>>> print(open('coords06.csv').read())   # CSV, C-alpha atoms
chain,number,residue,atom,x,y,z
A,1,MET,CA,11.0,-11.9,-25.0
A,2,GLN,CA,13.1,-11.0,-21.9
A,3,ILE,CA,11.6,-8.7,-19.2
A,4,PRO,CA,13.8,-7.4,-16.3
A,5,ILE,CA,12.3,-7.8,-12.8
A,6,CYS,CA,13.3,-6.4,-9.5
A,7,HIS,CA,12.0,-7.7,-6.2
A,8,LEU,CA,11.8,-5.0,-3.6
A,9,ASP,CA,10.6,-4.8,0.1
A,10,VAL,CA,8.7,-1.5,0.6
A,11,PHE,CA,8.2,0.2,4.0
A,12,ALA,CA,11.2,-1.9,5.1
A,13,ASP,CA,14.4,-1.0,7.0
A,14,ARG,CA,15.8,-4.4,5.9
A,15,VAL,CA,14.9,-7.3,3.6
A,16,PHE,CA,12.1,-9.6,4.7
A,17,ARG,CA,10.2,-6.7,6.2
A,18,GLY,CA,7.4,-4.5,4.8
A,19,VAL,CA,5.4,-5.2,1.7
A,20,PRO,CA,7.1,-7.2,-1.1
A,21,ALA,CA,6.7,-5.8,-4.6
A,22,VAL,CA,8.0,-7.0,-8.0
A,23,VAL,CA,8.7,-4.3,-10.6
A,24,CYS,CA,8.8,-5.0,-14.4
A,25,PRO,CA,9.9,-2.2,-16.7
A,26,LEU,CA,8.5,-2.8,-20.2
A,27,ASP,CA,9.4,-1.4,-23.6
A,28,SER,CA,5.7,-1.3,-24.5
A,29,TRP,CA,2.5,-2.6,-23.0
A,30,LEU,CA,1.7,-6.3,-23.1
A,31,PRO,CA,-1.9,-7.6,-23.3
A,32,ASP,CA,-3.7,-7.3,-20.0
A,33,ASP,CA,-4.1,-11.1,-19.7
A,34,MET,CA,-0.4,-11.5,-19.9
A,35,LEU,CA,0.2,-8.8,-17.3
A,36,ALA,CA,-2.3,-10.7,-15.1
A,37,ASP,CA,-0.5,-14.0,-15.7
A,38,ILE,CA,2.9,-12.5,-14.8
A,39,ALA,CA,1.4,-11.1,-11.6
A,40,GLY,CA,-0.2,-14.4,-10.7
A,41,GLU,CA,3.1,-16.2,-11.3
A,42,HIS,CA,4.8,-13.9,-8.8
A,43,ALA,CA,2.0,-14.2,-6.2
A,44,LYS,CA,3.2,-11.1,-4.4
A,45,ALA,CA,1.1,-8.3,-3.0
A,46,GLU,CA,2.1,-6.0,-5.8
A,47,THR,CA,3.5,-6.4,-9.3
A,48,VAL,CA,4.3,-3.1,-10.9
A,49,PHE,CA,4.5,-2.6,-14.7
A,50,MET,CA,6.1,0.5,-16.1
A,51,VAL,CA,6.5,2.0,-19.6
A,52,GLY,CA,8.3,5.3,-20.2
A,53,ALA,CA,11.6,7.2,-20.2
A,54,THR,CA,13.1,10.6,-19.4
A,55,GLY,CA,11.3,11.0,-16.1
A,56,VAL,CA,7.8,10.2,-17.2
A,57,TYR,CA,6.4,6.7,-16.8
A,58,GLN,CA,3.0,5.1,-17.2
A,59,VAL,CA,2.5,2.7,-14.2
A,60,ARG,CA,0.0,0.0,-13.6
A,61,TRP,CA,-0.3,-2.3,-10.6
A,62,PHE,CA,-1.5,-5.8,-10.5
A,63,SER,CA,-2.2,-8.0,-7.5
A,64,ARG,CA,-2.3,-11.8,-7.9
A,65,ALA,CA,-6.1,-11.4,-8.4
A,66,SER,CA,-6.6,-8.3,-10.6
A,67,GLU,CA,-5.5,-4.8,-11.5
A,68,VAL,CA,-5.3,-2.4,-8.6
A,69,PRO,CA,-6.2,1.3,-9.3
A,70,LEU,CA,-4.2,2.8,-6.4
A,71,SER,CA,-1.2,1.4,-4.5
A,72,ALA,CA,1.0,3.2,-2.0
A,73,PRO,CA,3.7,0.5,-1.9
A,74,GLY,CA,3.4,0.1,-5.7
A,75,ALA,CA,4.0,3.9,-6.2
A,76,LEU,CA,7.1,3.8,-3.9
A,77,ALA,CA,8.4,0.7,-5.7
A,78,ALA,CA,8.0,2.3,-9.1
A,79,ALA,CA,9.8,5.5,-8.0
A,80,HIS,CA,12.6,3.6,-6.4
A,81,THR,CA,13.1,1.6,-9.7
A,82,VAL,CA,13.4,4.8,-11.7
A,83,PHE,CA,15.9,6.3,-9.3
A,84,HIS,CA,18.1,3.3,-8.7
A,85,TYR,CA,17.9,1.4,-12.0
A,86,LEU,CA,16.4,3.1,-14.9
A,87,GLU,CA,17.5,6.7,-14.6
A,88,PRO,CA,19.8,7.1,-11.6
A,89,GLN,CA,20.6,10.7,-12.5
A,90,LEU,CA,17.0,11.8,-11.8
A,91,ARG,CA,15.7,13.2,-8.5
A,92,ARG,CA,12.1,13.6,-9.6
A,93,VAL,CA,9.8,11.4,-11.7
A,94,GLN,CA,6.2,11.6,-12.9
A,95,LEU,CA,4.1,8.5,-12.5
A,96,LEU,CA,1.0,8.4,-14.7
A,97,THR,CA,-1.4,5.9,-13.0
A,98,PRO,CA,-5.0,4.9,-13.1
A,99,SER,CA,-5.6,7.2,-10.1
A,100,GLY,CA,-3.9,10.3,-11.7
A,101,MET,CA,-0.4,11.6,-11.8
A,102,ILE,CA,1.8,10.8,-8.8
A,103,MET,CA,5.1,12.7,-8.3
A,104,GLY,CA,8.1,10.8,-6.9
A,105,GLN,CA,11.2,12.2,-5.4
A,106,ARG,CA,14.5,10.7,-4.4
A,107,GLU,CA,16.0,11.5,-1.0
A,108,THR,CA,19.3,10.4,0.5
A,109,THR,CA,18.0,7.2,2.1
A,110,SER,CA,14.3,7.1,1.2
A,111,VAL,CA,11.8,7.6,-1.6
A,112,LEU,CA,8.9,10.1,-1.5
A,113,VAL,CA,5.6,10.0,-3.4
A,114,ASP,CA,2.6,12.2,-3.3
A,115,LEU,CA,-0.6,10.2,-3.1
A,116,PRO,CA,-4.3,11.1,-3.4
A,117,LEU,CA,-6.3,10.6,-0.2
A,118,ARG,CA,-9.6,8.7,0.2
A,119,PRO,CA,-11.0,9.6,3.7
A,120,PRO,CA,-13.4,7.2,5.4
A,121,VAL,CA,-17.0,8.2,6.1
A,122,LYS,CA,-18.4,7.8,9.7
A,123,MET,CA,-21.1,5.2,10.1
A,124,LEU,CA,-24.6,6.5,11.0
A,125,GLY,CA,-25.6,3.3,12.8
A,126,ARG,CA,-23.8,0.7,14.9
A,127,VAL,CA,-22.0,-2.1,13.1
A,128,ASP,CA,-21.0,-5.1,15.3
A,129,LEU,CA,-17.6,-6.2,14.1
A,130,ALA,CA,-16.5,-8.0,17.3
A,131,PRO,CA,-17.6,-11.5,16.2
A,132,ALA,CA,-15.5,-11.1,13.0
A,133,LEU,CA,-12.5,-9.7,14.9
A,134,GLY,CA,-12.3,-12.5,17.4
A,135,GLY,CA,-14.2,-10.7,20.1
A,136,ILE,CA,-12.3,-7.4,20.0
A,137,VAL,CA,-14.7,-4.4,20.0
A,138,PRO,CA,-13.6,-1.3,18.0
A,139,GLU,CA,-14.0,2.1,19.5
A,140,THR,CA,-15.2,3.5,16.2
A,141,VAL,CA,-16.4,2.0,12.9
A,142,MET,CA,-16.4,3.9,9.7
A,143,MET,CA,-16.8,2.9,6.0
A,144,LEU,CA,-15.0,3.5,2.8
A,145,ASP,CA,-17.6,3.4,0.0
A,146,SER,CA,-18.8,-0.2,-0.5
A,147,SER,CA,-15.5,-1.9,-0.2
A,148,CYS,CA,-14.5,-2.0,3.5
A,149,TYR,CA,-14.9,-0.9,7.1
A,150,VAL,CA,-12.4,1.1,9.0
A,151,ALA,CA,-12.2,0.0,12.6
A,152,VAL,CA,-10.4,2.1,15.2
A,153,LEU,CA,-9.1,0.0,18.1
A,154,GLU,CA,-7.9,1.1,21.5
A,155,ASN,CA,-4.2,0.5,21.1
A,156,GLU,CA,-1.5,-1.3,19.1
A,157,ASP,CA,-1.8,-4.4,21.2
A,158,ALA,CA,-5.4,-4.8,20.2
A,159,VAL,CA,-4.6,-4.5,16.5
A,160,ALA,CA,-1.9,-7.2,16.8
A,161,ARG,CA,-4.3,-9.5,18.8
A,162,VAL,CA,-7.1,-9.6,16.2
A,163,ARG,CA,-7.7,-13.1,15.0
A,164,ILE,CA,-10.5,-13.0,12.4
A,165,ASP,CA,-13.4,-15.4,12.3
A,166,ARG,CA,-13.8,-16.0,8.6
A,167,THR,CA,-17.4,-17.2,8.8
A,168,ALA,CA,-18.4,-14.1,10.7
A,169,MET,CA,-16.4,-11.8,8.4
A,170,GLU,CA,-18.0,-13.3,5.3
A,171,ALA,CA,-21.4,-12.5,6.7
A,172,LEU,CA,-20.5,-8.8,6.9
A,173,GLU,CA,-21.9,-6.4,4.3
A,174,ARG,CA,-18.3,-5.4,3.7
A,175,PRO,CA,-16.0,-8.3,4.4
A,176,VAL,CA,-12.7,-6.3,4.4
A,177,VAL,CA,-11.7,-4.3,7.5
A,178,VAL,CA,-8.9,-1.8,7.8
A,179,LEU,CA,-7.7,-1.8,11.4
A,180,THR,CA,-6.0,1.1,13.0
A,181,SER,CA,-5.1,2.5,16.5
A,182,PRO,CA,-2.7,4.9,18.2
A,183,GLY,CA,0.8,3.5,17.9
A,184,ASP,CA,3.3,2.7,20.7
A,185,GLN,CA,6.3,4.1,18.8
A,186,SER,CA,4.4,5.7,15.9
A,187,ASP,CA,1.4,8.0,15.6
A,188,PHE,CA,-0.9,5.3,14.3
A,189,THR,CA,-1.0,1.6,13.2
A,190,ALA,CA,-2.3,0.0,10.1
A,191,ARG,CA,-3.5,-3.6,9.4
A,192,VAL,CA,-5.9,-5.0,6.8
A,193,VAL,CA,-7.9,-8.2,7.4
A,194,ALA,CA,-10.3,-10.0,5.1
A,195,ALA,CA,-12.3,-13.2,4.8
A,196,LYS,CA,-10.8,-13.8,1.4
A,197,TRP,CA,-8.0,-12.0,-0.5
A,198,GLY,CA,-10.0,-11.4,-3.6
A,199,PRO,CA,-9.7,-8.3,-5.9
A,200,ALA,CA,-11.6,-6.0,-3.5
A,201,ALA,CA,-9.6,-7.0,-0.5
A,202,LEU,CA,-6.2,-6.6,-2.3
A,203,ALA,CA,-7.3,-3.2,-3.6
A,204,VAL,CA,-8.1,-2.0,-0.1
A,205,ARG,CA,-4.8,-3.3,1.3
A,206,SER,CA,-2.9,-1.4,-1.5
A,207,SER,CA,-4.6,1.9,-0.7
A,208,ALA,CA,-5.3,1.6,3.0
A,209,LEU,CA,-2.7,4.3,3.9
A,210,CYS,CA,-4.6,6.7,1.7
A,211,THR,CA,-7.6,6.2,3.8
A,212,LEU,CA,-6.0,6.3,7.3
A,213,LEU,CA,-3.9,9.4,6.8
A,214,PRO,CA,-6.8,11.9,6.6
A,215,TYR,CA,-8.5,10.3,9.6
A,216,TRP,CA,-5.4,10.6,11.8
A,217,ARG,CA,-4.6,14.1,10.4
A,218,GLN,CA,-8.0,15.3,11.7
A,219,ARG,CA,-7.9,13.3,15.0
A,220,LEU,CA,-4.4,14.4,15.9
A,221,ASP,CA,-4.7,17.9,14.4
A,222,ARG,CA,-1.4,17.8,12.6
A,223,GLU,CA,0.0,17.0,9.2
A,224,ASP,CA,3.3,15.2,10.0
A,225,LEU,CA,2.5,11.6,10.9
A,226,THR,CA,4.3,8.2,11.3
A,227,VAL,CA,2.6,4.8,10.7
A,228,ARG,CA,3.6,1.3,11.7
A,229,VAL,CA,2.3,-1.6,9.7
A,230,VAL,CA,1.2,-4.3,12.2
A,231,GLY,CA,1.8,-7.9,11.1
A,232,GLN,CA,4.4,-10.6,10.7
A,233,ARG,CA,6.5,-8.5,8.3
A,234,GLY,CA,6.0,-5.2,10.0
A,235,GLY,CA,7.2,-2.0,8.3
A,236,GLY,CA,6.6,1.7,8.6
A,237,ALA,CA,6.4,5.1,6.8
A,238,TRP,CA,6.4,8.8,7.4
A,239,ALA,CA,3.9,11.2,5.9
A,240,ASN,CA,2.8,14.8,5.5
A,241,ALA,CA,-0.9,14.7,5.0
A,242,GLY,CA,-2.8,17.6,3.4
A,243,ARG,CA,-6.5,17.8,2.8
A,244,GLU,CA,-6.5,16.1,-0.6
A,245,ARG,CA,-3.0,14.6,-1.0
A,246,ALA,CA,-0.2,13.3,1.2
A,247,ILE,CA,3.6,13.1,0.7
A,248,VAL,CA,4.6,9.6,1.9
A,249,ALA,CA,8.3,8.7,2.5
A,250,ALA,CA,9.6,5.2,3.1
A,251,LEU,CA,12.6,3.0,2.9
A,252,VAL,CA,12.8,0.5,0.1
A,253,GLN,CA,15.1,-2.5,0.1
A,254,ARG,CA,16.4,-4.4,-2.9
A,255,TYR,CA,16.1,-8.2,-2.5
A,256,MET,CA,16.5,-9.7,-6.0
A,257,GLU,CA,17.0,-8.9,-9.6
A,258,GLY,CA,16.3,-11.2,-12.5
A,259,ILE,CA,14.8,-11.8,-16.0
A,260,ILE,CA,11.5,-13.1,-17.1
A,261,TYR,CA,11.6,-15.3,-20.3
A,262,LEU,CA,8.5,-15.3,-22.4
>>> encode(input="coords06.csv", output="C-alpha cells")
Amino acid sequence: MQIPICHLDVFADRVFRGVPAVVCPLDSWLPDDMLADIAGEHAKAETVFMVGATGVYQVRWFSRASEVPLSAPGALAAAHTVFHYLEPQLRRVQLLTPSGMIMGQRETTSVLVDLPLRPPVKMLGRVDLAPALGGIVPETVMMLDSSCYVAVLENEDAVARVRIDRTAMEALERPVVVLTSPGDQSDFTARVVAAKWGPAALAVRSSALCTLLPYWRQRLDREDLTVRVVGQRGGGAWANAGRERAIVAALVQRYMEGIIYL
C-alpha cells in the first residue's frame, strides 16, 4: 500500500514557522490502530487523514498520542491539501469532522475555515497558577471544562517569559494551561503549556484558538481579530469571530511531499 503525504507548516509565513502538520489523503479508512501508528511515526503536532472527493471530505486528526476531536491547524491543513493538491479547481470544500462540518475556502494567498467556538468559563474562586508558571501571576484565570485553565497575562513579554515548573503543574487540578495576553503587533497572543504532552494536552493545543477567540471578541468588543502564536516557531492568523463560530484565515507553507509504504 502506498499513501501520499504532504508536510505543511500552518500559521506560517515561511517554512520552519507555525504548526507542522502532515496530511495523508486515503482512498478509504484504515483501522484506527494503523492511523495511530502512522501519526506516532510522524511525531508531529497534527497528522490529518482525509477520505473523499468532489468537494466533500471526511477528516480525522491524530496527534502522536491519540485522536483529536477539533483542530484549527488541522482544518487549515486539510483545506489547503484539497485546494492545492487534490482538487485545485475548487474554491470551497466541506470538511466532515468529529466536531461537525467545517467549511473551507481558498483565497489568493491564504486558506479560510469556519470553526466552532468553545468559550472559557470564569473561575468562581482563586486559583494560584504562579508556582506552575515560574512565578508569573496571571491577571485572570478561567477554565475550559475539565481539561485546562485559561490564564490571561499582562502582556506578550510575560507570555514569552513563562518557564513552567513541571512538578507544580502536575499538582494542578487541570495540568494544561492556555496562556494569552494583549499582543504587541497583534490583538492577542496564544501559547499552550503542559506538564506532559498527553492526549488531553495535545487536544487543548489543537483547539486553543477556538477558546481564545470568544474571550477576546468580548473583551475588545469587535469581531475582527489577529493572533500571534508565542513560541520558538511563532506564527499567526486572522479571524472574524461570531458568537458560535469563527472564520479563521492563515498562511500555509508546503515543506515536503512523499509516500508512505505499508
>>> residues_around(input="coords06.csv", residues="Pro20 of chain A", least_positions_apart="6", cutoff="10 Å", atoms="all atoms listed in the file", output="list in words")
His7, Leu8, Asp9, Val10, Phe11, Ala12, Lys44, Ala45, Glu46, Thr47, Pro73, Gly74, Ala77, Arg233, Val252, Gln253, Arg254 and Tyr255 of chain A
>>> residues_near_point(input="coords06.csv", point="(4.6, 8.0, 14.8)", cutoff="7 Å", atoms="all atoms listed in the file", output="PyMOL selection string")
chain A and resi 183+185-188+225-227
>>> atom_distance(input="coords06.csv", atom1="atom CA of Gly242 of chain A", atom2="atom CA of Asp114 of chain A")
10.2 Å
>>> residues_around(input="coords06.csv", residues="segment 257-259 of chain A", least_positions_apart="3", cutoff="6 Å", atoms="only C-alpha atoms", output="PyMOL selection string")
chain A and resi 3-6
>>> residues_near_point(input="coords06.csv", point="(-6.6, 18.0, -4.9)", cutoff="12 Å", atoms="only C-alpha atoms", output="number ranges by chain")
A: 100-102, 114-118, 241-246
>>> residues_around(input="coords06.csv", residues="Trp238 of chain A", least_positions_apart="2", cutoff="9 Å", atoms="all atoms listed in the file", output="count of residues only")
10
>>> atom_distance(input="coords06.csv", atom1="atom CA of Gly135 of chain A", atom2="atom CA of Tyr149 of chain A")
16.3 Å
>>> atom_distance(input="coords06.csv", atom1="atom CA of Pro88 of chain A", atom2="atom CA of Met103 of chain A")
16.1 Å
>>> closest_residue(input="coords06.csv", among="A:Val23, A:Val178, A:Ala43, A:Val159", to="Tyr85 of chain A", atoms="all atoms listed in the file")
A:Val23
>>> closest_residue(input="coords06.csv", among="A:Val19, A:Arg14, A:Leu86, A:Pro214", to="Gln232 of chain A", atoms="all atoms listed in the file")
A:Val19
>>> residues_around(input="coords06.csv", residues="Val59 of chain A", least_positions_apart="3", cutoff="6 Å", atoms="all atoms listed in the file", output="ChimeraX atom specification")
/A:49-50,96-97
>>> closest_residue(input="coords06.csv", among="A:Leu95, A:Val193, A:Met256, A:Ala36", to="Val230 of chain A", atoms="all atoms listed in the file")
A:Val193
>>> residues_around(input="coords06.csv", residues="segment 169-171 of chain A", least_positions_apart="3", cutoff="7 Å", atoms="all atoms listed in the file", output="number ranges by chain")
A: 132, 165-166, 175, 195
>>> closest_residue(input="coords06.csv", among="A:Gly52, A:Pro199, A:Gly234, A:Pro98", to="Pro25 of chain A", atoms="all atoms listed in the file")
A:Gly52
>>> closest_residue(input="coords06.csv", among="A:Glu139, A:Asp37, A:Glu87, A:Asp221", to="Phe62 of chain A", atoms="only C-alpha atoms")
A:Asp37
>>> closest_residue(input="coords06.csv", among="A:Asp184, A:Ala75, A:Arg191, A:Gln105", to="Gln58 of chain A", atoms="only C-alpha atoms")
A:Ala75
